[in-house]
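Reviewing the structure listed below.
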Amino acid sequence: MLDASVALVREVAQREIIPRFLRVSHGQRKDDGSLCSEADLAAQHFLAERLSGIRPCPVIGEEMPREAQQAGWESGNSDDLGVWCIDPIDGTTNFINGLPCFAVSIAWMSARRTRVAVTYNPITDEMFYARQGNGAYLNGRRLPLRQVTAEIARAVGGVDFKRIPKQLADRIAVAPPFYSQRNFGSSTLDWCSLAAGRLDLYLHGGQMLWDYAAGSLILREAGGHMCTLERDDYDDDAQDVWRRSVIAALDPGVFVAWRDWVRGNCPRGGS
């Protein structure tokens with residue numbers, strides 16, 4: 001399943017996404033304010049048709065109507081078939097504006113957990129992938145690629161400010177506990193950058209299922225640690241599957257320090 005998924009993700013990028021890069025000048029604004037381009041729709045259609053040949057089960061895509069997403073999730077978790085969760089282009093704003101930081105992302109989930117994950121940046125030709133219990137890889141190299149810092153004061157952090165509480169955002173902007181901050185505009189590539197050791201820690205106030213489904217497994221299989229703003233168990237079934245915050249880091253000591261600092265400066269607190 002993993003090999004076939006990797007091949008399919010590379011194929012959809014070559015056929016539907018790269019030929020449209022730098023040729024799509026605008027996108028449609030969705031109800032949540034995010035953008036959708038013709039490339040997103042074409043890639044989603046391609047994947048939805050072809051994934052059944054790898055494993056016949058429901059498909060949840062970012063650009064599908066909410067009713068179809070909900071029906072696919074409930075159907076896929078009612079039996080042993082599972083469900084495909086796909087983001088045809090994560091980083092659509094980057095794609096539309098010609099910024100070479102976007103990815104195709106697919107995950108196969110069973111019993112509400114990701115078992116297979118693939119994320120591909122076609123511009124850099126970087127294929128990240130993982131299978132539960134078998135480690136995470138980038139183009140055949142085991143992740144992480146480097147030994148990360150064990151000191152939060154020296155850490156490089158990936159922080160998305162859009163959905164975190166203002167009190168926390170202000171504190172990070174004025175007096176962060178880490179050395180430097182980055183944001184690339186693609187959630188799934190943020191996860192992969194952390195798994196690779198390019199980032200040391202990560203924070204996002206609320207990602208959709210297709211934003212974290214693949215990346216969370218890739219990070220976990222790379223040895224990373226994660227929780228939400230409220231709960232220590234990132235996969236706690238009591239949490240809303242459709243939108244989930246994340247506090248994460250590769251090094252266990254940095255993770256604990258980062259988690260405690262975030263929750264200590266967040267009005268929502270933690271558990």
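Going by the structure tokens order, chains are called A, B, ..., each with residues numbered from 1, while ligands are numbered from 1 in the order shown.
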Just want the 12 Å neighbourhood of A:Arg171, counted on only C-alpha atoms, with same-chain residues fewer than 3 positions away dropped. Output as a ChimeraX atom specification. /A:161,164-168,174-178,261-267
Stretch 58-226 of chain A: which residues are alpha helix (DSSP H) by DSSP, as number ranges by chain? A: 66-76, 92-96, 166-174, 187-196, 209-221
Counting only C-alpha atoms, figure out which residue out of A:Leu22, A:Ala111, A:Leu51, A:Ala13 gets nearest to A:Gly76.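 Closest to A:Gly76, using only C-alpha atoms: A:Ala111.
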Skipping near chain neighbours, those fewer than 3 positions away, what residues fall within 10 Å of A:Gln69 using only C-alpha atoms, listed as a PyMOL selection string? chain A and resi 58-66+72-75+85+242
List the neighbours of A:Phe46 out to 12 Å using only C-alpha atoms; skip same-chain residues closer than 3 positions along the sequence, and give me the result as a ChimeraX atom specification. /A:8-17,39-43,49-53,59,61,86-88,104
Which residue, A:Gly140, A:Pro19, A:Pro56, A:Gly185, has the smallest gap to A:Thr92 when you use only C-alpha atoms?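 Under the stated criterion, the closest residue is A:Gly185.
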Restricting the calculation to only C-alpha atoms, which member of A:Val83, A:Leu189, A:Val156, A:Ala68 is positioned closest to A:Pro100?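 Looking at the shortest contact to A:Pro100, the residue is A:Leu189.
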Between A:Arg112, A:Ala150, A:Asp236, A:Val24, which residue has the minimum interatomic distance to A:Asp79, considering only C-alpha atoms? A:Arg112
Hey, what does DSSP flag as strand (DSSP E) within stretch 89-225 of chain A? Can you give it to me as a ChimeraX atom specification? /A:89-90,103-110,113-121,126-131,136-138,141-142,156-160,180-182,201-208,225
Calculated over only C-alpha atoms, which of the candidates A:Asp125, A:Asp190, A:Asp80, A:Asp233 has the smallest distance to A:His204?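 With only C-alpha atoms as the atom set, the closest residue is A:Asp190.
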Which distance in Å separates atom CA of A:Pro144 and atom CA of A:Ala169, to one decimal?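 Computing it gives 28.1 Å between the two atoms.
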Between atom CA of A:Trp191 and atom CA of A:Ala103, measure the distance and give it in Å to one decimal.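 Atom-to-atom, atom CA of A:Trp191 to atom CA of A:Ala103, that is 11.6 Å.
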Write out as a short mmCIF file (atom, residue, chain, number, x, y, z; two decimals) with all heavy atoms, in the first residue's frame the residues lying within 6 Å of stretch 219-229 of chain A, counting only C-alpha atoms and excluding same-chain residues fewer than 5 positions away.
```cif
data_model
loop_
_atom_site.label_atom_id
_atom_site.label_comp_id
_atom_site.auth_asym_id
_atom_site.auth_seq_id
_atom_site.Cartn_x
_atom_site.Cartn_y
_atom_site.Cartn_z
N GLY A 135 8.92 3.39 10.94
CA GLY A 135 9.76 4.56 10.77
C GLY A 135 9.25 5.51 9.70
O GLY A 135 8.31 5.22 8.97
N ALA A 136 9.90 6.67 9.61
CA ALA A 136 9.55 7.70 8.64
C ALA A 136 10.77 7.99 7.78
O ALA A 136 11.92 7.94 8.26
CB ALA A 136 9.10 8.98 9.35
N LEU A 143 14.27 9.38 8.90
CA LEU A 143 14.12 10.65 9.61
C LEU A 143 14.28 10.43 11.11
O LEU A 143 13.93 9.37 11.62
CB LEU A 143 12.74 11.26 9.33
CG LEU A 143 12.44 11.62 7.86
CD1 LEU A 143 11.03 12.19 7.74
CD2 LEU A 143 13.47 12.60 7.32
N PRO A 144 14.83 11.43 11.81
CA PRO A 144 15.26 12.75 11.32
C PRO A 144 16.60 12.69 10.59
O PRO A 144 17.35 11.73 10.73
CB PRO A 144 15.38 13.57 12.60
CG PRO A 144 15.69 12.57 13.67
CD PRO A 144 14.95 11.33 13.28
N ALA A 195 9.78 16.63 11.51
CA ALA A 195 10.23 15.24 11.52
C ALA A 195 11.64 15.09 10.96
O ALA A 195 12.41 14.24 11.40
CB ALA A 195 9.26 14.38 10.70
N TYR A 234 -2.56 13.25 22.04
CA TYR A 234 -2.93 13.90 20.79
C TYR A 234 -4.07 13.18 20.08
O TYR A 234 -4.89 13.81 19.41
CB TYR A 234 -1.72 13.98 19.86
CG TYR A 234 -1.98 14.79 18.61
CD1 TYR A 234 -1.97 16.18 18.66
CD2 TYR A 234 -2.23 14.16 17.39
CE1 TYR A 234 -2.23 16.93 17.52
CE2 TYR A 234 -2.49 14.90 16.25
CZ TYR A 234 -2.49 16.29 16.32
OH TYR A 234 -2.75 17.03 15.19
N SER A 245 -5.64 21.35 17.53
CA SER A 245 -4.42 22.12 17.76
C SER A 245 -3.25 21.17 17.94
O SER A 245 -3.43 19.96 18.12
CB SER A 245 -4.58 23.00 19.01
OG SER A 245 -4.85 22.20 20.15
N VAL A 246 -2.03 21.71 17.87
CA VAL A 246 -0.86 20.85 18.07
C VAL A 246 0.28 21.64 18.72
O VAL A 246 0.55 22.78 18.37
CB VAL A 246 -0.38 20.24 16.73
CG1 VAL A 246 -0.07 21.31 15.70
CG2 VAL A 246 0.86 19.37 16.94
N ILE A 247 0.88 21.01 19.71
CA ILE A 247 2.16 21.41 20.30
C ILE A 247 3.08 20.22 20.08
O ILE A 247 2.74 19.11 20.47
CB ILE A 247 2.03 21.69 21.81
CG1 ILE A 247 0.95 22.75 22.09
CG2 ILE A 247 3.37 22.12 22.39
CD1 ILE A 247 0.58 22.84 23.57
N ALA A 248 4.23 20.44 19.45
CA ALA A 248 5.08 19.29 19.11
C ALA A 248 6.55 19.66 19.14
O ALA A 248 6.92 20.83 19.02
CB ALA A 248 4.70 18.75 17.73
N ALA A 249 7.39 18.64 19.26
CA ALA A 249 8.84 18.81 19.19
C ALA A 249 9.46 17.45 18.96
O ALA A 249 8.84 16.41 19.23
CB ALA A 249 9.39 19.44 20.47
N LEU A 250 10.69 17.45 18.46
CA LEU A 250 11.41 16.19 18.27
C LEU A 250 12.07 15.71 19.55
O LEU A 250 11.89 14.58 19.98
CB LEU A 250 12.46 16.37 17.17
CG LEU A 250 12.11 15.87 15.76
CD1 LEU A 250 13.28 16.13 14.82
CD2 LEU A 250 11.74 14.40 15.75
N GLY A 270 -4.22 23.77 29.87
CA GLY A 270 -3.97 22.41 29.38
C GLY A 270 -4.42 21.40 30.41
O GLY A 270 -4.85 21.75 31.51
#
```
Residue contacts of A:Tyr137 (12 Å, only C-alpha atoms) excluding same-chain residues fewer than 2 positions away, as a ChimeraX atom specification: /A:2,6,117-120,126-132,134-135,139-145,192-193,195-196,215,217-223
Please produce a file of the residues just selected, as a compact mmCIF listing (two decimals), in the first residue's frame, where the atoms kept are C-alpha atoms.
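The result, stored in again.txt:
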```txt
# COMPACT_ATOMS: atom_id res chain seq x y z
CA LEU A 2 2.79 2.44 0.85
CA VAL A 6 4.04 7.01 -3.14
CA ALA A 117 1.14 8.58 5.25
CA VAL A 118 2.69 10.23 2.19
CA THR A 119 3.53 13.92 1.67
CA TYR A 120 5.27 15.18 -1.46
CA GLU A 126 11.00 15.53 -1.60
CA MET A 127 8.84 12.53 -0.76
CA PHE A 128 8.11 12.04 2.93
CA TYR A 129 6.41 8.80 3.94
CA ALA A 130 5.72 6.53 6.86
CA ARG A 131 3.94 3.32 7.77
CA GLN A 132 2.89 2.73 11.34
CA ASN A 134 8.17 1.13 10.42
CA GLY A 135 9.76 4.56 10.77
CA ASN A 139 13.51 9.84 -0.33
CA GLY A 140 14.78 6.66 1.30
CA ARG A 141 16.64 8.33 4.18
CA ARG A 142 15.44 7.62 7.70
CA LEU A 143 14.12 10.65 9.61
CA PRO A 144 15.26 12.75 11.32
CA LEU A 145 18.10 13.81 9.05
CA CYS A 192 7.59 17.01 7.81
CA SER A 193 10.15 19.75 8.46
CA ALA A 195 10.23 15.24 11.52
CA ALA A 196 13.31 15.90 9.38
CA GLY A 215 2.11 14.71 9.10
CA LEU A 217 2.24 9.91 11.69
CA ILE A 218 5.41 11.00 9.91
CA LEU A 219 6.50 12.94 13.00
CA ARG A 220 5.56 10.12 15.37
CA GLU A 221 7.50 7.58 13.31
CA ALA A 222 10.50 9.95 13.33
CA GLY A 223 10.46 9.82 17.12
```
Need the shell around A:Gly82: protein/DNA/RNA residues with any atom at most 6 Å away, counting only C-alpha atoms. Skip same-chain ones fewer than 4 positions apart. Format as a short mmCIF file (atom, residue, chain, number, x, y, z; two decimals) with N, CA and C atoms, in the first residue's frame?
```
data_model
loop_
_atom_site.label_atom_id
_atom_site.label_comp_id
_atom_site.auth_asym_id
_atom_site.auth_seq_id
_atom_site.Cartn_x
_atom_site.Cartn_y
_atom_site.Cartn_z
N GLY A 76 -16.12 5.00 6.78
CA GLY A 76 -14.80 4.40 6.82
C GLY A 76 -14.40 3.87 8.17
N ASN A 77 -15.00 4.42 9.24
CA ASN A 77 -14.67 3.97 10.59
C ASN A 77 -15.68 2.97 11.15
N MET A 109 -6.34 5.88 6.99
CA MET A 109 -6.67 5.82 8.41
C MET A 109 -7.59 4.65 8.68
N SER A 110 -7.38 4.01 9.81
CA SER A 110 -8.22 2.91 10.25
C SER A 110 -8.44 3.03 11.75
#
```
